[in-house]
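Accompanying notes for the structure given below.
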Protein chains: 2
Amino acid sequence: MPGNGKPGAESIDPERLWLRPTEPRRGRRPSFSREAITAAAVTLADAEGLDAVTMRRVAAEVGAGVMSLYSYAPDKETLLELMVDHVSGELTVTGPPSGDWRADLKTVARLQRANMLRHPWLPVALSTRRVPGPNTLAFLEHVLAVLRPTGLDGAAKLEVFAQITAFVAGHVAHEIAQAAVSRSPDRAAAEGRYLAAVAADGRHPELAEALSAPGRPLAPDATFSRFLNRLIDGLDTD
Amino acid sequence: MPGNGKPGAESIDPERLWLRPTEPRRGRRPSFSREAITAAAVTLADAEGLDAVTMRRVAAEVGAGVMSLYSYAPDKETLLELMVDHVSGELTVTGPPSGDWRADLKTVARLQRANMLRHPWLPVALSTRRVPGPNTLAFLEHVLAVLRPTGLDGAAKLEVFAQITAFVAGHVAHEIAQAAVSRSPDRAAAEGRYLAAVAADGRHPELAEALSAPGRPLAPDATFSRFLNRLIDGLDTD
DNA sequence: TTTATTCTCGTACGTCGTACGAGAATAAAG
DNA sequence: CTTTATTCTCGTACGACGTACGAGAATAAA
């Protein structure tokens, strides 16, 4: 059950999922691989959105029967977990921390943003997933190293990582929605007319003024940088 | 299609949805109301999560036939939009801006967080919705008034509002996930064992240290305040 | 060769969103 | 009071979804 906020949602067992060496040396040999299936699902999501990722579509893409997928992931929810960790593998760290942890942290956030822009479904998928897979853990390991000079305790470092990820996800989700509207002139026009009508009703003077004095259009990259700087420069070591 | 990041997802027409007075004075009188249907859907989502909100469940809750709902909302996506604006009505502003716009902005963010904690599905639902309904617009109007002393131009003010909303949504989504894990001792234990196993593999020294020196447990409210202060105190008027 | 094990996948079930259209209720027109 | 137009109600039906089940195929050990 992806994409909800259910209080008692049941979840993945991380031990069964990630801590399994390849034991079985008997029985029929697998025709596919978890890797290939995950990659196909990611490609599908990139091209057609998360809703296009159905077990049937993924199976067809891999050339497998639908039910064969269940030999590699116990359910669809787990497949999504695999997808998230798969693309986390693209968060390639260039080298060891420079020592300037604020600069390093900004680089980290920029890497995450780039990855989310490459995989627009990622912010949504991330918002309900919790157990980090190996690729996510490798990235986390780097972030913890970056944070070493801060002297923060363990829990605080983990919190900073989660917070930055949440911040970037939220920002990019909004960025993507904006871009989608801009890409469709009809939709942008409809939205503009709607807001103009609201502004004209007299009960929204502030909105009316904001729309009439828009200022220069904002570049997404610059906006991201500005908010990122505010957040990270504000971080303190106490 | 909720909860995805599809590039060309089709969307709501805000003019048809929000700018409709009650015109029709002929034909059969409606047996239900958009308001009642939306409220039922919200109650359902609060109690059982977003996935429990199906057209059949909502109809049953209201006492209507399933297809009758489609007289009040053209599709489920629109119903979600109605739900989001419905709970935005709970963002009750206490009074006019105090003049200390940073303090006011923090109050705004706290209101939003409280609302999202009351409706845990809200962060997820928000991440794909874009057109503000009347309740959202009323709240936005207040935020714009709060931002007046900053002298920012219209686009920048709107950007700040979107950014704060995204920040709070991201934070609360993570907060909710954390709380869900903590509420289940089994899950928390499984996750702990998993992370301990990873930390013990020797390739994650930073993680090992972070877990061994956790520091005092973090209070969610305090953590939120800390990050909120960083973000808002860092806002500047240039 | 037999047996145990592991994977493959066709079939089937229950649930979902919603298209369709027949019927019920209501207001205006005759 | 009819008639007609309009608006809403909702039973039925369709295609797509996730996945339980189990029969058959492939492989390794006995």
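Starting from 1 in every chain, residues are counted up; chains themselves are A, B, ... following the order of the structure tokens, and ligands are numbered from 1 as listed.
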- Task: Find the residues near A:Thr107: any atom within 12 Å, counting only C-alpha atoms (C1' of nucleotides), skip ones fewer than 2 places away on the same chain, and give them as a ChimeraX atom specification.
- Result: /A:91-95,97-98,100-105,109-114,142-143,146,164,225,228-229,232
Go ahead and save the picked residues with C-alpha atoms, as an mmCIF file, in the first residue's frame.
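File selection_39.cif, as written:
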data_model
loop_
_atom_site.group_PDB
_atom_site.id
_atom_site.type_symbol
_atom_site.label_atom_id
_atom_site.label_comp_id
_atom_site.auth_asym_id
_atom_site.auth_seq_id
_atom_site.Cartn_x
_atom_site.Cartn_y
_atom_site.Cartn_z
ATOM 1 C CA LEU A 91 24.305 9.200 -5.860
ATOM 2 C CA THR A 92 27.954 8.885 -6.704
ATOM 3 C CA VAL A 93 30.158 10.621 -4.239
ATOM 4 C CA THR A 94 33.212 12.143 -5.832
ATOM 5 C CA GLY A 95 35.641 11.768 -2.984
ATOM 6 C CA PRO A 97 34.826 14.995 2.701
ATOM 7 C CA SER A 98 36.718 18.207 2.097
ATOM 8 C CA ASP A 100 34.258 22.181 4.920
ATOM 9 C CA TRP A 101 31.178 20.295 6.049
ATOM 10 C CA ARG A 102 28.728 22.991 5.021
ATOM 11 C CA ALA A 103 29.990 22.965 1.463
ATOM 12 C CA ASP A 104 30.004 19.176 1.456
ATOM 13 C CA LEU A 105 26.464 19.095 2.732
ATOM 14 C CA ALA A 109 21.792 18.021 -1.301
ATOM 15 C CA ARG A 110 22.508 18.969 -4.898
ATOM 16 C CA LEU A 111 23.259 15.357 -5.724
ATOM 17 C CA GLN A 112 19.946 14.341 -4.222
ATOM 18 C CA ARG A 113 18.062 17.002 -6.111
ATOM 19 C CA ALA A 114 19.640 16.006 -9.409
ATOM 20 C CA HIS A 142 29.378 9.454 3.326
ATOM 21 C CA VAL A 143 27.041 12.018 4.838
ATOM 22 C CA VAL A 146 30.857 14.792 6.164
ATOM 23 C CA ILE A 164 17.889 17.394 4.397
ATOM 24 C CA SER A 225 20.311 27.237 -3.839
ATOM 25 C CA LEU A 228 19.512 25.383 0.717
ATOM 26 C CA ASN A 229 21.994 27.993 1.828
ATOM 27 C CA ILE A 232 22.558 24.686 5.918
#
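Counting only C-alpha atoms (C1' of nucleotides), A:Val53 has the following residues at most 10 Å away, ignoring those fewer than 2 positions along the same chain: Ala40, Ala41, Val42, Thr43, Leu44, Ala45, Asp46, Glu48, Gly49, Leu50, Asp51, Met55, Arg56, Arg57, Val58, Ala59, Lys76, Leu79 and Leu80 of chain A.
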Go ahead and write the residues just picked, C-alpha atoms, as a PDB file, in the first residue's frame.
ATOM      1  CA  ALA A  40      13.011  -2.351 -15.694  1.00  0.00           C
ATOM      2  CA  ALA A  41      10.630  -0.953 -13.112  1.00  0.00           C
ATOM      3  CA  VAL A  42      12.779   2.154 -12.737  1.00  0.00           C
ATOM      4  CA  THR A  43      12.921   2.705 -16.488  1.00  0.00           C
ATOM      5  CA  LEU A  44       9.168   2.361 -16.641  1.00  0.00           C
ATOM      6  CA  ALA A  45       8.616   4.828 -13.812  1.00  0.00           C
ATOM      7  CA  ASP A  46      10.994   7.324 -15.378  1.00  0.00           C
ATOM      8  CA  GLU A  48       5.557   6.898 -17.691  1.00  0.00           C
ATOM      9  CA  GLY A  49       5.275   7.648 -14.004  1.00  0.00           C
ATOM     10  CA  LEU A  50       4.813   5.557 -10.897  1.00  0.00           C
ATOM     11  CA  ASP A  51       1.298   4.509 -11.848  1.00  0.00           C
ATOM     12  CA  MET A  55       3.360  -6.044 -11.966  1.00  0.00           C
ATOM     13  CA  ARG A  56       2.001  -6.868 -15.414  1.00  0.00           C
ATOM     14  CA  ARG A  57       3.872  -4.067 -17.149  1.00  0.00           C
ATOM     15  CA  VAL A  58       7.135  -4.827 -15.390  1.00  0.00           C
ATOM     16  CA  ALA A  59       6.838  -8.532 -16.138  1.00  0.00           C
ATOM     17  CA  LYS A  76       4.835  -4.709  -5.033  1.00  0.00           C
ATOM     18  CA  LEU A  79       9.593  -3.731  -5.449  1.00  0.00           C
ATOM     19  CA  LEU A  80       9.160  -0.022  -4.796  1.00  0.00           C
TER      20      LEU A  80
END
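What separates atom C1' of D:DA16 from atom CA of B:Thr78 is a distance of 20.7 Å.
Applying a distance limit of 10 Å to only C-alpha atoms (C1' of nucleotides), the residues of chain D near chain B read D:DA5, D:DT6, D:DT7, D:DC8, D:DT9, D:DC10, D:DG11.
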Quick one: everything within 12 Å of D:DG15, counting only C-alpha atoms (C1' of nucleotides), minus sequence neighbours fewer than 5 positions away in the same chain. Send it as a tab-separated table (two decimals) with all heavy atoms, in the first residue's frame.
chain	number	residue	atom	x	y	z
C	16	DC	P	-12.38	-1.72	-2.77
C	16	DC	OP1	-11.91	-1.00	-1.57
C	16	DC	OP2	-13.81	-2.07	-2.94
C	16	DC	O5'	-11.89	-0.92	-4.05
C	16	DC	C5'	-10.52	-0.58	-4.15
C	16	DC	C4'	-10.18	-0.19	-5.57
C	16	DC	O4'	-10.39	-1.32	-6.43
C	16	DC	C3'	-11.07	0.89	-6.16
C	16	DC	O3'	-10.52	2.15	-5.84
C	16	DC	C2'	-10.97	0.62	-7.65
C	16	DC	C1'	-10.63	-0.87	-7.74
C	16	DC	N1	-11.70	-1.73	-8.32
C	16	DC	C2	-11.77	-1.92	-9.70
C	16	DC	O2	-10.93	-1.34	-10.41
C	16	DC	N3	-12.73	-2.71	-10.21
C	16	DC	C4	-13.61	-3.31	-9.38
C	16	DC	N4	-14.54	-4.08	-9.91
C	16	DC	C5	-13.55	-3.12	-7.98
C	16	DC	C6	-12.59	-2.33	-7.48
C	17	DG	P	-11.47	3.43	-5.92
C	17	DG	OP1	-10.80	4.51	-5.14
C	17	DG	OP2	-12.84	3.01	-5.59
C	17	DG	O5'	-11.43	3.77	-7.48
C	17	DG	C5'	-10.21	4.22	-8.07
C	17	DG	C4'	-10.45	4.48	-9.55
C	17	DG	O4'	-10.94	3.27	-10.17
C	17	DG	C3'	-11.49	5.55	-9.86
C	17	DG	O3'	-11.06	6.30	-11.00
C	17	DG	C2'	-12.76	4.74	-10.12
C	17	DG	C1'	-12.20	3.49	-10.78
C	17	DG	N9	-13.05	2.32	-10.54
C	17	DG	C8	-13.55	1.90	-9.35
C	17	DG	N7	-14.30	0.83	-9.44
C	17	DG	C5	-14.28	0.54	-10.80
C	17	DG	C6	-14.93	-0.52	-11.50
C	17	DG	O6	-15.65	-1.41	-11.06
C	17	DG	N1	-14.67	-0.46	-12.86
C	17	DG	C2	-13.87	0.50	-13.46
C	17	DG	N2	-13.73	0.39	-14.79
C	17	DG	N3	-13.27	1.48	-12.82
C	17	DG	C4	-13.52	1.44	-11.49
C	18	DT	P	-11.87	7.58	-11.43
C	18	DT	OP1	-10.98	8.42	-12.25
C	18	DT	OP2	-12.51	8.15	-10.23
C	18	DT	O5'	-13.01	6.99	-12.38
C	18	DT	C5'	-12.66	6.51	-13.67
C	18	DT	C4'	-13.86	5.86	-14.34
C	18	DT	O4'	-14.28	4.70	-13.58
C	18	DT	C3'	-15.12	6.75	-14.44
C	18	DT	O3'	-15.67	6.61	-15.73
C	18	DT	C2'	-16.05	6.11	-13.43
C	18	DT	C1'	-15.67	4.65	-13.66
C	18	DT	N1	-16.23	3.71	-12.67
C	18	DT	C2	-16.80	2.56	-13.14
C	18	DT	O2	-16.85	2.27	-14.32
C	18	DT	N3	-17.32	1.74	-12.17
C	18	DT	C4	-17.31	1.97	-10.80
C	18	DT	O4	-17.81	1.15	-10.03
C	18	DT	C5	-16.70	3.19	-10.39
C	18	DT	C7	-16.63	3.54	-8.93
C	18	DT	C6	-16.18	4.00	-11.33
C	19	DA	P	-15.50	7.79	-16.79
C	19	DA	OP1	-14.06	7.96	-17.04
C	19	DA	OP2	-16.31	8.96	-16.37
C	19	DA	O5'	-16.19	7.15	-18.08
C	19	DA	C5'	-15.61	5.99	-18.67
C	19	DA	C4'	-16.66	5.20	-19.45
C	19	DA	O4'	-17.30	4.23	-18.58
C	19	DA	C3'	-17.79	6.05	-20.03
C	19	DA	O3'	-18.17	5.46	-21.29
C	19	DA	C2'	-18.90	5.92	-18.98
C	19	DA	C1'	-18.69	4.49	-18.48
C	19	DA	N9	-19.02	4.29	-17.06
C	19	DA	C8	-18.60	5.05	-15.99
C	19	DA	N7	-19.05	4.61	-14.83
C	19	DA	C5	-19.81	3.49	-15.16
C	19	DA	C6	-20.55	2.59	-14.37
C	19	DA	N6	-20.63	2.68	-13.04
C	19	DA	N1	-21.20	1.59	-15.01
C	19	DA	C2	-21.10	1.51	-16.35
C	19	DA	N3	-20.44	2.29	-17.19
C	19	DA	C4	-19.80	3.28	-16.51
- Query: What residues in chain C have any atom no more than 6 Å from chain A when counting only C-alpha atoms (C1' of nucleotides), and can you write them as a PyMOL selection string?
  - Reply: chain C and resi 5-9
Emit the selected residues as a short mmCIF file (atom, residue, chain, number, x, y, z; two decimals), in the first residue's frame, including all heavy atoms.
data_model
loop_
_atom_site.label_atom_id
_atom_site.label_comp_id
_atom_site.auth_asym_id
_atom_site.auth_seq_id
_atom_site.Cartn_x
_atom_site.Cartn_y
_atom_site.Cartn_z
P DT C 5 13.72 -31.04 0.52
OP1 DT C 5 14.55 -30.75 1.70
OP2 DT C 5 12.25 -31.25 0.63
"O5'" DT C 5 13.98 -29.90 -0.55
"C5'" DT C 5 15.32 -29.62 -0.93
"C4'" DT C 5 15.34 -28.76 -2.17
"O4'" DT C 5 14.70 -29.45 -3.26
"C3'" DT C 5 14.59 -27.42 -2.02
"O3'" DT C 5 15.54 -26.39 -2.13
"C2'" DT C 5 13.59 -27.42 -3.19
"C1'" DT C 5 14.16 -28.46 -4.13
N1 DT C 5 13.20 -29.15 -5.03
C2 DT C 5 13.35 -29.02 -6.38
O2 DT C 5 14.23 -28.37 -6.89
N3 DT C 5 12.41 -29.69 -7.15
C4 DT C 5 11.37 -30.47 -6.68
O4 DT C 5 10.61 -31.03 -7.45
C5 DT C 5 11.27 -30.56 -5.23
C7 DT C 5 10.18 -31.38 -4.62
C6 DT C 5 12.17 -29.91 -4.48
P DT C 6 15.24 -24.92 -1.64
OP1 DT C 6 16.48 -24.39 -1.03
OP2 DT C 6 13.95 -24.95 -0.90
"O5'" DT C 6 14.97 -24.14 -3.01
"C5'" DT C 6 16.00 -24.12 -4.01
"C4'" DT C 6 15.39 -23.73 -5.33
"O4'" DT C 6 14.53 -24.79 -5.81
"C3'" DT C 6 14.51 -22.48 -5.27
"O3'" DT C 6 15.14 -21.47 -6.03
"C2'" DT C 6 13.18 -22.90 -5.88
"C1'" DT C 6 13.54 -24.19 -6.61
N1 DT C 6 12.44 -25.17 -6.76
C2 DT C 6 12.13 -25.61 -8.03
O2 DT C 6 12.72 -25.24 -9.03
N3 DT C 6 11.09 -26.53 -8.08
C4 DT C 6 10.37 -27.02 -7.01
O4 DT C 6 9.47 -27.83 -7.20
C5 DT C 6 10.75 -26.52 -5.73
C7 DT C 6 10.02 -26.99 -4.49
C6 DT C 6 11.75 -25.63 -5.66
P DC C 7 14.63 -19.98 -6.02
OP1 DC C 7 15.81 -19.09 -5.99
OP2 DC C 7 13.58 -19.88 -5.00
"O5'" DC C 7 13.93 -19.85 -7.45
"C5'" DC C 7 14.70 -20.11 -8.62
"C4'" DC C 7 13.77 -20.49 -9.75
"O4'" DC C 7 12.94 -21.59 -9.33
"C3'" DC C 7 12.81 -19.38 -10.18
"O3'" DC C 7 13.09 -19.02 -11.52
"C2'" DC C 7 11.42 -20.01 -10.05
"C1'" DC C 7 11.72 -21.50 -10.03
N1 DC C 7 10.69 -22.31 -9.33
C2 DC C 7 9.89 -23.19 -10.07
O2 DC C 7 10.05 -23.26 -11.29
N3 DC C 7 8.96 -23.93 -9.43
C4 DC C 7 8.81 -23.81 -8.10
N4 DC C 7 7.88 -24.57 -7.52
C5 DC C 7 9.62 -22.93 -7.33
C6 DC C 7 10.53 -22.20 -7.98
P DT C 8 12.15 -17.98 -12.26
OP1 DT C 8 12.96 -17.36 -13.32
OP2 DT C 8 11.52 -17.16 -11.21
"O5'" DT C 8 11.01 -18.85 -12.94
"C5'" DT C 8 11.32 -19.61 -14.10
"C4'" DT C 8 10.02 -20.03 -14.80
"O4'" DT C 8 9.25 -20.87 -13.90
"C3'" DT C 8 9.13 -18.86 -15.18
"O3'" DT C 8 8.69 -19.06 -16.52
"C2'" DT C 8 7.98 -18.94 -14.18
"C1'" DT C 8 7.91 -20.44 -13.87
N1 DT C 8 7.39 -20.79 -12.52
C2 DT C 8 6.38 -21.70 -12.42
O2 DT C 8 5.87 -22.25 -13.38
N3 DT C 8 5.98 -21.97 -11.14
C4 DT C 8 6.48 -21.44 -9.97
O4 DT C 8 6.04 -21.76 -8.86
C5 DT C 8 7.54 -20.48 -10.15
C7 DT C 8 8.17 -19.83 -8.94
C6 DT C 8 7.94 -20.21 -11.40
P DC C 9 8.07 -17.87 -17.36
OP1 DC C 9 8.35 -18.14 -18.79
OP2 DC C 9 8.48 -16.59 -16.75
"O5'" DC C 9 6.52 -18.09 -17.11
"C5'" DC C 9 5.93 -19.34 -17.45
"C4'" DC C 9 4.51 -19.40 -16.91
"O4'" DC C 9 4.54 -19.69 -15.50
"C3'" DC C 9 3.72 -18.08 -17.03
"O3'" DC C 9 2.41 -18.37 -17.44
"C2'" DC C 9 3.71 -17.56 -15.60
"C1'" DC C 9 3.57 -18.89 -14.87
N1 DC C 9 3.83 -18.84 -13.42
C2 DC C 9 3.16 -19.73 -12.58
O2 DC C 9 2.38 -20.56 -13.07
N3 DC C 9 3.38 -19.68 -11.25
C4 DC C 9 4.22 -18.77 -10.74
N4 DC C 9 4.41 -18.76 -9.43
C5 DC C 9 4.93 -17.86 -11.58
C6 DC C 9 4.70 -17.93 -12.90
#
Under the rule of at most 7 Å, produce a per-residue listing of chain B near chain A: chain, number, name, the closest pair of atoms, and the distance in Å, as a Markdown table, using only C-alpha atoms.
| residue | atom | partner | partner_atom | distance |
| --- | --- | --- | --- | --- |
| B:Met1 | CA | A:Asp51 | CA | 7.0 |
| B:Gly3 | CA | A:Gly3 | CA | 5.8 |
| B:Asn4 | CA | A:Leu50 | CA | 4.9 |
| B:Gly5 | CA | A:Trp121 | CA | 4.2 |
| B:Lys6 | CA | A:Gly49 | CA | 3.8 |
| B:Pro7 | CA | A:Ala180 | CA | 6.5 |
| B:Gly8 | CA | A:Ala180 | CA | 6.7 |
| B:Pro14 | CA | A:Tyr194 | CA | 6.4 |
| B:Glu15 | CA | A:Tyr194 | CA | 5.5 |
| B:Glu48 | CA | A:Lys6 | CA | 5.8 |
| B:Gly49 | CA | A:Lys6 | CA | 3.8 |
| B:Leu50 | CA | A:Asn4 | CA | 5.0 |
| B:Asp51 | CA | A:Asn4 | CA | 6.1 |
| B:Pro120 | CA | A:Gly5 | CA | 5.2 |
| B:Trp121 | CA | A:Gly5 | CA | 4.2 |
| B:Val124 | CA | A:Asn4 | CA | 6.4 |
| B:Ser127 | CA | A:Ala173 | CA | 6.1 |
| B:Thr128 | CA | A:Ala177 | CA | 7.0 |
| B:Arg130 | CA | A:Ala177 | CA | 6.9 |
| B:Glu141 | CA | A:Glu206 | CA | 5.9 |
| B:Leu144 | CA | A:Glu206 | CA | 5.9 |
| B:Ala145 | CA | A:Glu206 | CA | 6.2 |
| B:Asp153 | CA | A:Gly215 | CA | 5.4 |
| B:Gly154 | CA | A:Ala210 | CA | 3.8 |
| B:Ala155 | CA | A:Pro214 | CA | 4.8 |
| B:Gln163 | CA | A:His171 | CA | 6.5 |
| B:Ala166 | CA | A:Gly170 | CA | 4.6 |
| B:Phe167 | CA | A:Phe167 | CA | 5.3 |
| B:Ala169 | CA | A:Gly170 | CA | 6.9 |
| B:Gly170 | CA | A:Ala166 | CA | 4.5 |
| B:His171 | CA | A:Ala166 | CA | 5.9 |
| B:Ala173 | CA | A:Ser127 | CA | 6.2 |
| B:Ala177 | CA | A:Arg130 | CA | 6.9 |
| B:Ala180 | CA | A:Pro7 | CA | 6.5 |
| B:Glu191 | CA | A:Pro14 | CA | 6.6 |
| B:Tyr194 | CA | A:Glu15 | CA | 5.5 |
| B:His204 | CA | A:Glu141 | CA | 6.2 |
| B:Glu206 | CA | A:Glu141 | CA | 5.9 |
| B:Leu207 | CA | A:Glu141 | CA | 6.1 |
| B:Ala210 | CA | A:Gly154 | CA | 3.8 |
| B:Leu211 | CA | A:Gly154 | CA | 6.0 |
| B:Ala213 | CA | A:Gly154 | CA | 5.5 |
| B:Pro214 | CA | A:Gly154 | CA | 4.3 |
| B:Gly215 | CA | A:Asp153 | CA | 5.4 |
| B:Arg230 | CA | A:Gly234 | CA | 4.9 |
| B:Leu231 | CA | A:Leu231 | CA | 4.9 |
| B:Gly234 | CA | A:Arg230 | CA | 4.9 |
| B:Leu235 | CA | A:Arg230 | CA | 6.6 |
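In this structure, atom CA of B:Thr150 sits 15.7 Å away from atom CA of B:Pro96.
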